[in-house]
>>> print(open('query26.cif').read())   # mmCIF, C-alpha atoms and all ligand atoms
data_upload
loop_
_atom_site.label_atom_id
_atom_site.label_comp_id
_atom_site.auth_asym_id
_atom_site.auth_seq_id
_atom_site.Cartn_x
_atom_site.Cartn_y
_atom_site.Cartn_z
CA MET A 1 -12.65 -14.47 -13.24
CA LEU A 2 -10.35 -17.42 -13.74
CA ASP A 3 -7.36 -15.10 -13.48
CA ALA A 4 -8.70 -13.63 -10.24
CA VAL A 5 -9.12 -17.11 -8.77
CA GLN A 6 -5.64 -18.07 -9.89
CA ALA A 7 -4.18 -14.91 -8.33
CA LEU A 8 -6.01 -15.65 -5.07
CA LYS A 9 -4.66 -19.20 -5.03
CA GLU A 10 -1.12 -17.90 -5.59
CA LYS A 11 -1.50 -15.46 -2.69
CA MET A 12 -2.77 -18.26 -0.45
CA VAL A 13 0.24 -20.44 -1.25
CA LEU A 14 2.61 -17.54 -0.62
CA ALA A 15 0.89 -16.76 2.70
CA CYS A 16 1.31 -20.40 3.75
CA LYS A 17 5.01 -20.30 2.84
CA VAL A 18 5.51 -17.15 4.94
CA LEU A 19 3.70 -18.64 7.93
CA GLN A 20 5.73 -21.83 7.61
CA LYS A 21 8.99 -19.86 7.41
CA GLN A 22 8.00 -17.90 10.52
CA GLY A 23 7.49 -21.16 12.43
CA VAL A 24 3.85 -20.57 13.31
CA LEU A 25 2.51 -23.61 11.41
CA ASP A 26 2.95 -27.30 12.07
CA GLY A 27 1.61 -30.36 10.28
CA TYR A 28 -1.94 -29.17 10.81
CA GLY A 29 -3.94 -25.97 10.39
CA HIS A 30 -5.54 -24.51 7.29
CA LEU A 31 -6.13 -21.35 5.32
CA SER A 32 -9.20 -20.51 3.24
CA ALA A 33 -10.54 -17.64 1.12
CA ARG A 34 -14.07 -16.83 0.01
CA LEU A 35 -15.02 -16.96 -3.68
CA PRO A 36 -18.14 -15.45 -5.22
CA GLY A 37 -21.13 -17.79 -5.47
CA ASP A 38 -20.93 -19.42 -2.04
CA ARG A 39 -17.68 -21.18 -2.82
CA ILE A 40 -14.47 -21.30 -0.79
CA LEU A 41 -10.84 -21.92 -1.73
CA SER A 42 -9.08 -24.00 0.91
CA THR A 43 -5.82 -25.69 1.61
CA PRO A 44 -6.54 -29.45 1.60
CA HIS A 45 -6.00 -32.12 4.25
CA MET A 46 -2.20 -31.77 4.34
CA PRO A 47 0.36 -29.60 6.15
CA PRO A 48 -0.52 -26.05 5.04
CA GLY A 49 3.11 -24.97 4.85
CA LYS A 50 3.73 -27.62 2.20
CA VAL A 51 0.81 -26.69 -0.06
CA ALA A 52 1.49 -25.97 -3.76
CA LEU A 53 -0.79 -24.19 -6.22
CA ARG A 54 -2.20 -27.46 -7.59
CA ASP A 55 -3.24 -28.58 -4.10
CA ILE A 56 -5.77 -25.82 -3.39
CA ILE A 57 -9.32 -27.20 -3.44
CA VAL A 58 -12.74 -25.58 -3.90
CA ILE A 59 -15.50 -26.41 -1.40
CA ASP A 60 -19.08 -25.26 -0.97
CA MET A 61 -20.64 -23.63 2.07
CA GLN A 62 -21.52 -27.07 3.47
CA GLY A 63 -17.85 -28.06 3.29
CA LYS A 64 -18.36 -30.45 0.35
CA LYS A 65 -15.52 -30.59 -2.17
CA LEU A 66 -16.32 -29.22 -5.62
CA GLU A 67 -12.88 -29.17 -7.27
CA GLY A 68 -9.40 -30.51 -6.64
CA SER A 69 -7.75 -33.81 -5.84
CA GLY A 70 -7.17 -33.40 -2.09
CA GLU A 71 -9.75 -33.81 0.65
CA PRO A 72 -11.24 -31.08 2.88
CA ASN A 73 -9.78 -30.65 6.37
CA GLY A 74 -11.56 -32.20 9.34
CA GLU A 75 -12.13 -28.74 10.82
CA THR A 76 -13.72 -27.30 7.66
CA PRO A 77 -17.01 -26.64 9.58
CA MET A 78 -15.21 -23.85 11.48
CA HIS A 79 -14.54 -22.06 8.19
CA THR A 80 -18.02 -22.52 6.71
CA SER A 81 -19.71 -21.42 9.95
CA ILE A 82 -17.62 -18.25 10.16
CA TYR A 83 -18.24 -17.37 6.48
CA LYS A 84 -21.98 -17.83 7.02
CA ALA A 85 -21.96 -15.69 10.17
CA ARG A 86 -19.68 -12.93 8.89
CA SER A 87 -20.31 -11.52 5.40
CA ASP A 88 -17.31 -9.18 5.86
CA VAL A 89 -14.84 -12.06 6.28
CA GLN A 90 -12.99 -12.93 3.07
CA CYS A 91 -10.30 -15.24 4.45
CA ILE A 92 -9.59 -17.37 7.52
CA LEU A 93 -6.47 -18.88 9.06
CA HIS A 94 -6.67 -21.61 11.70
CA TYR A 95 -3.47 -22.84 13.33
CA HIS A 96 -1.98 -24.24 16.54
CA PRO A 97 0.99 -22.10 17.65
CA ASP A 98 2.41 -23.01 21.07
CA GLU A 99 2.29 -19.41 22.29
CA VAL A 100 -1.41 -19.01 21.44
CA ILE A 101 -2.25 -22.32 23.13
CA ALA A 102 -0.32 -21.27 26.26
CA VAL A 103 -2.21 -18.00 26.54
CA SER A 104 -5.56 -19.72 25.95
CA VAL A 105 -5.09 -22.29 28.73
CA ALA A 106 -4.21 -19.51 31.16
CA SER A 107 -7.69 -18.11 30.35
CA GLN A 108 -6.09 -14.94 29.10
CA GLY A 109 -7.05 -13.21 25.91
CA ILE A 110 -4.33 -11.26 24.13
CA LYS A 111 -3.24 -8.35 26.33
CA VAL A 112 -2.02 -5.37 24.36
CA VAL A 113 1.45 -4.99 25.83
CA ALA A 114 3.19 -4.38 22.48
CA ASN A 115 2.28 -2.52 19.32
CA CYS A 116 1.80 -5.76 17.38
CA GLY A 117 -1.09 -6.53 19.72
CA VAL A 118 -3.09 -3.41 18.87
CA HIS A 119 -4.95 -5.35 16.14
CA PHE A 120 -6.54 -7.33 18.93
CA TYR A 121 -7.47 -4.55 21.36
CA ARG A 122 -11.20 -5.23 20.88
CA GLY A 123 -10.65 -8.60 22.51
CA THR A 124 -9.76 -12.16 21.62
CA PRO A 125 -12.47 -14.35 23.16
CA ILE A 126 -11.68 -17.92 24.13
CA TYR A 127 -13.69 -20.87 22.81
CA ASP A 128 -13.72 -22.97 25.95
CA SER A 129 -13.11 -26.48 24.61
CA PRO A 130 -10.08 -28.34 23.25
CA LEU A 131 -12.23 -30.58 21.01
CA LEU A 132 -11.58 -30.21 17.29
CA ILE A 133 -14.21 -28.33 15.28
CA ARG A 134 -15.39 -31.28 13.22
CA ASN A 135 -19.11 -30.52 12.96
CA HIS A 136 -21.34 -27.57 12.19
CA GLU A 137 -22.63 -27.29 15.75
CA ARG A 138 -19.11 -26.64 17.06
CA GLY A 139 -18.35 -24.44 14.06
CA ASP A 140 -21.35 -22.27 14.86
CA LYS A 141 -20.21 -22.01 18.50
CA VAL A 142 -16.74 -20.87 17.43
CA ALA A 143 -18.32 -18.31 15.08
CA ALA A 144 -20.54 -17.08 17.92
CA THR A 145 -17.53 -16.82 20.25
CA LEU A 146 -15.58 -14.89 17.61
CA GLY A 147 -18.49 -12.46 17.24
CA ASP A 148 -17.39 -9.34 15.38
CA ARG A 149 -13.71 -9.64 16.41
CA ASN A 150 -10.76 -10.60 14.21
CA ALA A 151 -9.40 -13.45 16.33
CA VAL A 152 -10.65 -16.22 18.59
CA LEU A 153 -8.50 -18.45 20.79
CA LEU A 154 -9.46 -22.11 21.21
CA ARG A 155 -8.53 -23.41 24.66
CA GLY A 156 -5.64 -25.87 24.57
CA HIS A 157 -5.99 -26.11 20.80
CA GLY A 158 -4.96 -22.98 18.84
CA GLY A 159 -6.33 -19.85 17.29
CA THR A 160 -8.30 -18.57 14.32
CA VAL A 161 -7.91 -15.18 12.67
CA VAL A 162 -10.19 -13.62 10.06
CA ALA A 163 -9.74 -10.70 7.67
CA ASN A 164 -11.16 -9.00 4.62
CA ASP A 165 -8.01 -9.64 2.55
CA LEU A 166 -5.05 -12.02 2.57
CA ASP A 167 -2.44 -9.35 3.34
CA LYS A 168 -4.29 -8.42 6.50
CA LEU A 169 -4.82 -12.07 7.39
CA LEU A 170 -1.10 -12.75 7.09
CA ARG A 171 -0.33 -9.79 9.31
CA LEU A 172 -2.86 -10.90 11.93
CA GLY A 173 -1.58 -14.47 11.77
CA ILE A 174 1.98 -13.41 12.51
CA ASP A 175 1.12 -10.66 14.99
CA LEU A 176 -1.21 -12.84 17.08
CA VAL A 177 1.63 -15.26 17.75
CA ARG A 178 4.14 -12.49 18.40
CA SER A 179 1.72 -10.78 20.79
CA ALA A 180 1.17 -14.03 22.70
CA ARG A 181 4.94 -14.57 22.88
CA ILE A 182 5.60 -11.10 24.29
CA GLN A 183 2.74 -11.53 26.75
CA ILE A 184 4.33 -14.75 28.03
CA MET A 185 7.77 -13.09 28.26
CA THR A 186 6.32 -10.13 30.10
CA ALA A 187 4.58 -12.33 32.67
CA SER A 188 7.88 -13.27 34.31
CA LEU A 189 8.94 -9.65 34.80
CA GLY A 190 6.26 -8.61 37.26
CA PRO A 191 3.33 -6.28 36.67
CA ALA A 192 3.06 -5.22 33.03
CA LYS A 193 1.87 -1.85 31.79
CA ALA A 194 -0.58 -2.53 28.98
CA HIS A 195 -1.54 -0.04 26.28
CA THR A 196 -4.50 2.07 27.36
CA GLN A 197 -7.79 1.96 25.48
CA ALA A 198 -7.13 5.49 24.22
CA GLU A 199 -3.66 4.53 22.96
CA CYS A 200 -5.08 1.49 21.16
CA GLU A 201 -7.87 3.50 19.56
CA GLU A 202 -5.41 6.15 18.38
CA MET A 203 -3.05 3.56 16.89
CA ALA A 204 -5.84 1.53 15.33
CA LYS A 205 -6.93 4.56 13.27
CA GLY A 206 -3.85 4.03 11.12
CA HIS A 207 -4.87 0.42 10.38
CA ASP A 208 -7.38 1.59 7.78
CA ARG A 209 -4.84 3.48 5.67
CA PRO A 210 -4.43 2.06 2.15
CA GLU A 211 -1.34 -0.10 1.78
CA VAL A 212 -0.72 0.05 5.53
CA ASN A 213 0.43 -3.57 5.52
CA ARG A 214 2.64 -3.29 2.42
CA ARG A 215 6.03 -2.92 4.10
CA PHE A 216 5.21 -5.64 6.61
CA ILE A 217 4.02 -8.06 3.93
CA ASP A 218 6.86 -7.28 1.52
CA TYR A 219 9.42 -7.98 4.23
CA TYR A 220 8.02 -11.40 5.07
CA ILE A 221 7.52 -12.33 1.41
CA SER A 222 11.12 -11.39 0.69
CA GLU A 223 12.11 -14.03 3.21
CA VAL A 224 10.55 -16.82 1.13
CA VAL A 225 11.02 -15.57 -2.45
CA ASP A 226 14.41 -15.55 -4.18
ZN ZN B 1 -7.32 -27.06 14.95
#
>>> encode(input="query26.cif", output="structure tokens", more="lines below")
Ligand SMILES: [Zn+2]
Amino acid sequence: MLDAVQALKEKMVLACKVLQKQGVLDGYGHLSARLPGDRILSTPHMPPGKVALRDIIVIDMQGKKLEGSGEPNGETPMHTSIYKARSDVQCILHYHPDEVIAVSVASQGIKVVANCGVHFYRGTPIYDSPLLIRNHERGDKVAATLGDRNAVLLRGHGGTVVANDLDKLLRLGIDLVRSARIQIMTASLGPAKAHTQAECEEMAKGHDRPEVNRRFIDYYISEVVD
């Protein structure tokens, strides 16, 4: 069990390094992963892209710290509320990329105008408040807005993606930002032809293949590992 926890921590740190290298993190944001026994691994109250293995903390489902020297993030209630509402969710990334904020304030969810957006074809609802998610009441509202989707946008604030493993989370974290960026670029070119529902459904079938994210993940990891 200890080895499994250690391996999970190492993957979290690597994911943070990749996201930092890709320029989608800033001094804020956080990444967490569920442990058995109602416990959660989390990056602490520090820039996630700068987190080392020793910095990862363990919190409980109320957001109280159980292990580690750092402190929980102010927006920890968003994580605990989502884990309580979604038993399928194993990891969560919350961040504040400019492109995601821009799309959210235009009251647009992610439009599937590129293949990287197909992950989000079931919708990316917008939590309609810029206030930080510092209490359980707001956390529960974000979880309710997310519903059964894999991403929620927070108006004027950022975005949160959820997944059942860290490879998938990393892919969603990168592809949400890229999708928002292409959507913004497309907006200046006149009417855009979005993927149809049928096209999205056909492409999404491939998302369940084993190791479907391997090449994607290996590429980005190779950018941060010597
Ligand atoms: Zn935030």
>>> residues_around(input="query26.cif", residues="Ile182 in chain A", least_positions_apart="3", cutoff="8 Å", atoms="only C-alpha atoms", output="PyMOL selection string")
chain A and resi 113-114+178-179+185-186
>>> residues_around(input="query26.cif", residues="Ser87 in chain A", least_positions_apart="5", cutoff="10 Å", atoms="all atoms listed in the file", output="VMD selection string")
chain A and resid 34 82 164
>>> closest_residue(input="query26.cif", among="A:Lys9, A:Arg181, A:His195, A:His136", to="Ala102 in chain A", atoms="all atoms listed in the file")
A:Arg181
>>> atom_distance(input="query26.cif", atom1="CA of Ile221 in chain A", atom2="CA of Leu146 in chain A")
28.3 Å
>>> closest_residue(input="query26.cif", among="A:Val212, A:Lys17, A:Thr76, A:Asp60", to="Pro47 in chain A", atoms="all atoms listed in the file")
A:Lys17
>>> atom_distance(input="query26.cif", atom1="CA of Tyr95 in chain A", atom2="CA of Met46 in chain A")
12.7 Å
>>> atom_distance(input="query26.cif", atom1="CA of Thr160 in chain A", atom2="CA of Asp38 in chain A")
20.7 Å
>>> residues_near_ligand(input="query26.cif", ligand="ligand ZN 1 (chain B)", cutoff="9 Å", atoms="all atoms listed in the file", output="PyMOL selection string")
chain A and resi 28-30+74-75+94-96+130-133+154+157-160
